[in-house]
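Novice: Next up, upload36.pdb (PDB, C-alpha atoms).
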```
ATOM      1  CA  MET Y   1      80.204  -9.840 -28.481
ATOM      2  CA  SER Y   2      78.383  -6.509 -28.313
ATOM      3  CA  SER Y   3      75.750  -5.708 -30.931
ATOM      4  CA  GLY Y   4      78.100  -3.107 -32.463
ATOM      5  CA  GLU Y   5      80.871  -5.696 -32.811
ATOM      6  CA  GLU Y   6      78.423  -8.192 -34.332
ATOM      7  CA  VAL Y   7      77.284  -5.655 -36.938
ATOM      8  CA  LYS Y   8      80.893  -4.742 -37.794
ATOM      9  CA  ALA Y   9      81.924  -8.411 -38.047
ATOM     10  CA  ALA Y  10      78.931  -9.166 -40.285
ATOM     11  CA  LYS Y  11      80.045  -6.463 -42.713
ATOM     12  CA  ARG Y  12      83.741  -7.421 -42.897
ATOM     13  CA  MET Y  13      85.122  -9.989 -45.285
ATOM     14  CA  ALA Y  14      87.620 -12.483 -43.908
ATOM     15  CA  PRO Y  15      91.018 -12.924 -45.601
ATOM     16  CA  TYR Y  16      90.186 -14.741 -48.827
ATOM     17  CA  VAL Y  17      91.848 -16.247 -51.893
ATOM     18  CA  GLY Y  18      89.597 -16.788 -54.910
ATOM     19  CA  SER Y  19      89.723 -19.477 -57.576
ATOM     20  CA  THR Y  20      91.969 -17.231 -59.682
ATOM     21  CA  GLY Y  21      94.520 -17.055 -56.857
ATOM     22  CA  ASN Y  22      93.939 -13.372 -56.068
ATOM     23  CA  SER Y  23      93.840 -12.486 -52.381
ATOM     24  CA  ASN Y  24      91.975  -9.653 -50.691
ATOM     25  CA  VAL Y  25      95.091  -8.947 -48.577
ATOM     26  CA  LEU Y  26      97.935  -6.841 -49.982
ATOM     27  CA  LEU Y  27     101.278  -6.577 -48.167
ATOM     28  CA  PHE Y  28     103.453  -3.569 -48.952
ATOM     29  CA  THR Y  29     106.770  -2.295 -47.675
ATOM     30  CA  ALA Y  30     107.020   1.351 -46.664
ATOM     31  CA  THR Y  31     110.465   2.958 -46.535
ATOM     32  CA  THR Y  32     111.868   6.472 -46.261
ATOM     33  CA  THR Y  33     111.318   6.833 -50.017
ATOM     34  CA  SER Y  34     107.667   7.338 -50.913
ATOM     35  CA  ALA Y  35     106.278   4.573 -53.138
ATOM     36  CA  ALA Y  36     103.005   4.185 -55.066
ATOM     37  CA  SER Y  37     101.425   0.872 -56.091
ATOM     38  CA  ALA Y  38      98.257   0.397 -58.121
ATOM     39  CA  LEU Y  39      95.302  -1.083 -56.250
ATOM     40  CA  PRO Y  40      93.192  -3.767 -57.948
ATOM     41  CA  GLY Y  41      90.414  -2.244 -60.050
ATOM     42  CA  SER Y  42      87.872  -4.469 -58.311
ATOM     43  CA  TRP Y  43      88.594  -2.544 -55.116
ATOM     44  CA  ALA Y  44      87.027   0.718 -56.390
ATOM     45  CA  GLY Y  45      84.701   2.051 -53.684
ATOM     46  CA  ALA Y  46      85.503  -0.863 -51.354
ATOM     47  CA  TYR Y  47      86.125  -0.657 -47.634
ATOM     48  CA  ILE Y  48      89.674  -1.440 -46.582
ATOM     49  CA  THR Y  49      91.504  -2.036 -43.321
ATOM     50  CA  VAL Y  50      95.030  -0.632 -43.044
ATOM     51  CA  ARG Y  51      97.498  -1.946 -40.448
ATOM     52  CA  ALA Y  52     101.173  -1.111 -40.077
ATOM     53  CA  VAL Y  53     103.489  -3.901 -38.950
ATOM     54  CA  GLY Y  54     106.657  -2.882 -37.115
ATOM     55  CA  GLY Y  55     106.299   0.890 -36.904
ATOM     56  CA  THR Y  56     104.335   3.930 -38.004
ATOM     57  CA  VAL Y  57     103.459   4.416 -41.673
ATOM     58  CA  TYR Y  58     102.080   7.495 -43.439
ATOM     59  CA  TRP Y  59      99.812   6.759 -46.395
ATOM     60  CA  LEU Y  60      97.235   8.127 -48.821
ATOM     61  CA  VAL Y  61      95.472   7.064 -52.017
ATOM     62  CA  SER Y  62      95.748   8.975 -55.277
ATOM     63  CA  PRO Y  63      94.806   8.618 -58.946
ATOM     64  CA  SER Y  64      98.382   9.713 -59.736
ATOM     65  CA  ALA Y  65     101.282   7.256 -59.844
ATOM     66  CA  LEU Y  66     103.517  10.289 -59.177
ATOM     67  CA  ALA Y  67     101.864  11.118 -55.840
ATOM     68  CA  SER Y  68     104.097  10.989 -52.783
ATOM     69  CA  VAL Y  69     103.748  11.151 -49.032
ATOM     70  CA  ASP Y  70     106.309  12.758 -46.737
ATOM     71  CA  GLU Y  71     106.540  11.042 -43.352
ATOM     72  CA  THR Y  72     108.329  14.116 -41.934
ATOM     73  CA  ASN Y  73     105.471  16.501 -42.816
ATOM     74  CA  THR Y  74     103.817  16.481 -39.384
ATOM     75  CA  THR Y  75     103.684  20.181 -38.435
ATOM     76  CA  PRO Y  76     100.100  21.388 -37.997
ATOM     77  CA  GLY Y  77      98.894  24.731 -39.309
ATOM     78  CA  ALA Y  78      96.038  27.034 -38.318
ATOM     79  CA  ASP Y  79      94.226  26.152 -41.567
ATOM     80  CA  GLY Y  80      94.892  22.415 -41.196
ATOM     81  CA  ASP Y  81      97.837  22.837 -43.568
ATOM     82  CA  PRO Y  82      96.341  20.750 -46.430
ATOM     83  CA  GLN Y  83      99.561  19.934 -48.260
ATOM     84  CA  PRO Y  84      99.537  17.403 -51.124
ATOM     85  CA  ASP Y  85     102.071  15.105 -49.446
ATOM     86  CA  ARG Y  86     100.338  14.943 -46.043
ATOM     87  CA  GLY Y  87      99.444  11.320 -45.352
ATOM     88  CA  LYS Y  88      97.229   9.516 -42.884
ATOM     89  CA  ILE Y  89      99.093   8.023 -39.918
ATOM     90  CA  ALA Y  90      98.872   4.254 -39.427
ATOM     91  CA  PRO Y  91     100.371   3.475 -35.993
ATOM     92  CA  ASP Y  92     102.026   0.092 -35.483
ATOM     93  CA  ALA Y  93      99.545  -2.798 -35.098
ATOM     94  CA  VAL Y  94      96.438  -0.561 -35.080
ATOM     95  CA  GLU Y  95      93.746  -1.440 -37.628
ATOM     96  CA  THR Y  96      91.886   1.471 -39.197
ATOM     97  CA  ASP Y  97      88.985   1.199 -41.642
ATOM     98  CA  PHE Y  98      88.371   3.431 -44.661
ATOM     99  CA  GLN Y  99      86.357   3.516 -47.852
ATOM    100  CA  LEU Y 100      88.298   3.882 -51.089
ATOM    101  CA  PRO Y 101      87.070   6.394 -53.656
ATOM    102  CA  MET Y 102      85.278   5.132 -56.761
ATOM    103  CA  TRP Y 103      87.198   4.995 -60.056
ATOM    104  CA  ASP Y 104      86.548   3.486 -63.471
ATOM    105  CA  ALA Y 105      88.967   0.567 -63.511
ATOM    106  CA  SER Y 106      88.728   0.272 -67.290
ATOM    107  CA  THR Y 107      90.257   3.732 -67.802
ATOM    108  CA  GLU Y 108      91.655   4.849 -64.427
ATOM    109  CA  SER Y 109      93.917   3.613 -61.659
ATOM    110  CA  MET Y 110      94.106   4.299 -57.938
ATOM    111  CA  TYR Y 111      97.432   4.099 -56.112
ATOM    112  CA  PHE Y 112      98.280   3.251 -52.522
ATOM    113  CA  VAL Y 113     101.081   5.651 -51.573
ATOM    114  CA  ARG Y 114     103.155   5.160 -48.427
ATOM    115  CA  ALA Y 115     106.348   6.130 -46.587
ATOM    116  CA  ALA Y 116     107.842   5.528 -43.147
ATOM    117  CA  GLY Y 117     110.859   6.526 -41.082
ATOM    118  CA  SER Y 118     112.383   3.077 -41.683
ATOM    119  CA  SER Y 119     111.434  -0.133 -43.494
ATOM    120  CA  ILE Y 120     107.966  -1.069 -42.215
ATOM    121  CA  GLY Y 121     105.349  -3.547 -43.429
ATOM    122  CA  ILE Y 122     101.820  -2.382 -44.166
ATOM    123  CA  GLU Y 123      98.840  -4.654 -44.668
ATOM    124  CA  VAL Y 124      95.870  -3.484 -46.730
ATOM    125  CA  THR Y 125      92.826  -5.748 -46.666
ATOM    126  CA  LYS Y 126      89.665  -5.368 -48.718
ATOM    127  CA  THR Y 127      87.002  -5.895 -46.080
ATOM    128  CA  SER Y 128      83.800  -5.256 -48.043
ATOM    129  CA  PHE Y 129      82.141  -7.643 -50.459
TER
END
```
If you took the structure in this file and wrote it as structure tokens, what would it be?

Specialist:
Amino acid sequence: MSSGEEVKAAKRMAPYVGSTGNSNVLLFTATTTSAASALPGSWAGAYITVRAVGGTVYWLVSPSALASVDETNTTPGADGDPQPDRGKIAPDAVETDFQLPMWDASTESMYFVRAAGSSIGIEVTKTSF
């Protein structure tokens, strides 16, 4: 293992189920209809790994349960075209790491919003302690 891989592995939590039965791995379905699901409050500010299973998924996080992502909104613009339904691409079987924003879980929620061209699985794993 290279030193970079060792450092990354040392900072990533393995799949885990605690004594309360809660796992650090969430499995969602993404379809052609955008869907939003609340993330656990304990995940505020955590690092996550996102991996699509079976196809490409478009996703984003939002404090709004009404947020949506449009998997057909892929046309670039000269200004970057920062539209509110533009999601991050998660190609099939490729793991990508991100840090979630902070939120006050006692008064706020954060939603994982996703859509795909067909029914696709998407795995979201909390990888930080």

Novice: Can you turn the PyMOL selection byres ((chain Y and resi 111) around 12) into a concrete residue list for this file, as a ChimeraX atom specification?

Specialist: /Y:34-41,43-44,59-69,100-101,103,105,108-110,112-114

Novice: Pick the closest to Y:Val53 from Y:Asp92, Y:Asp104, Y:Asp85, Y:Asp70: which is it, counting all atoms listed in the file?

Specialist: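 Closest to Y:Val53 of all the choices is Y:Asp92.
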
Novice: Interatomic distance between atom CA of Y:Ile120 and atom CA of Y:Thr32?

Specialist: 9.4 Å

Novice: Evaluating the PyMOL selection byres ((chain Y and resi 124) around 9) on the displayed file yields which residues, as a list in words?

Specialist: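 Selected by the PyMOL selection byres ((chain Y and resi 124) around 9) here: Asn24, Val25, Leu26, Leu27, Phe28, Ile48, Thr49, Val50, Arg51, Ala52, Ile122, Glu123, Thr125 and Lys126 of chain Y.
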
Novice: Please write the residues from the selection above to a file, keeping C-alpha atoms, as a short mmCIF file (atom, residue, chain, number, x, y, z; two decimals), in the frame of the given file.

Specialist:
```cif
data_model
loop_
_atom_site.label_atom_id
_atom_site.label_comp_id
_atom_site.auth_asym_id
_atom_site.auth_seq_id
_atom_site.Cartn_x
_atom_site.Cartn_y
_atom_site.Cartn_z
CA ASN Y 24 91.98 -9.65 -50.69
CA VAL Y 25 95.09 -8.95 -48.58
CA LEU Y 26 97.94 -6.84 -49.98
CA LEU Y 27 101.28 -6.58 -48.17
CA PHE Y 28 103.45 -3.57 -48.95
CA ILE Y 48 89.67 -1.44 -46.58
CA THR Y 49 91.50 -2.04 -43.32
CA VAL Y 50 95.03 -0.63 -43.04
CA ARG Y 51 97.50 -1.95 -40.45
CA ALA Y 52 101.17 -1.11 -40.08
CA ILE Y 122 101.82 -2.38 -44.17
CA GLU Y 123 98.84 -4.65 -44.67
CA THR Y 125 92.83 -5.75 -46.67
CA LYS Y 126 89.66 -5.37 -48.72
#
```

Novice: Nearest residue to Y:Gly54 out of Y:Thr31, Y:Ser119, Y:Ser23, Y:Thr127, using all atoms listed in the file?

Specialist: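 That would be Y:Ser119, the residue with the smallest distance to Y:Gly54.
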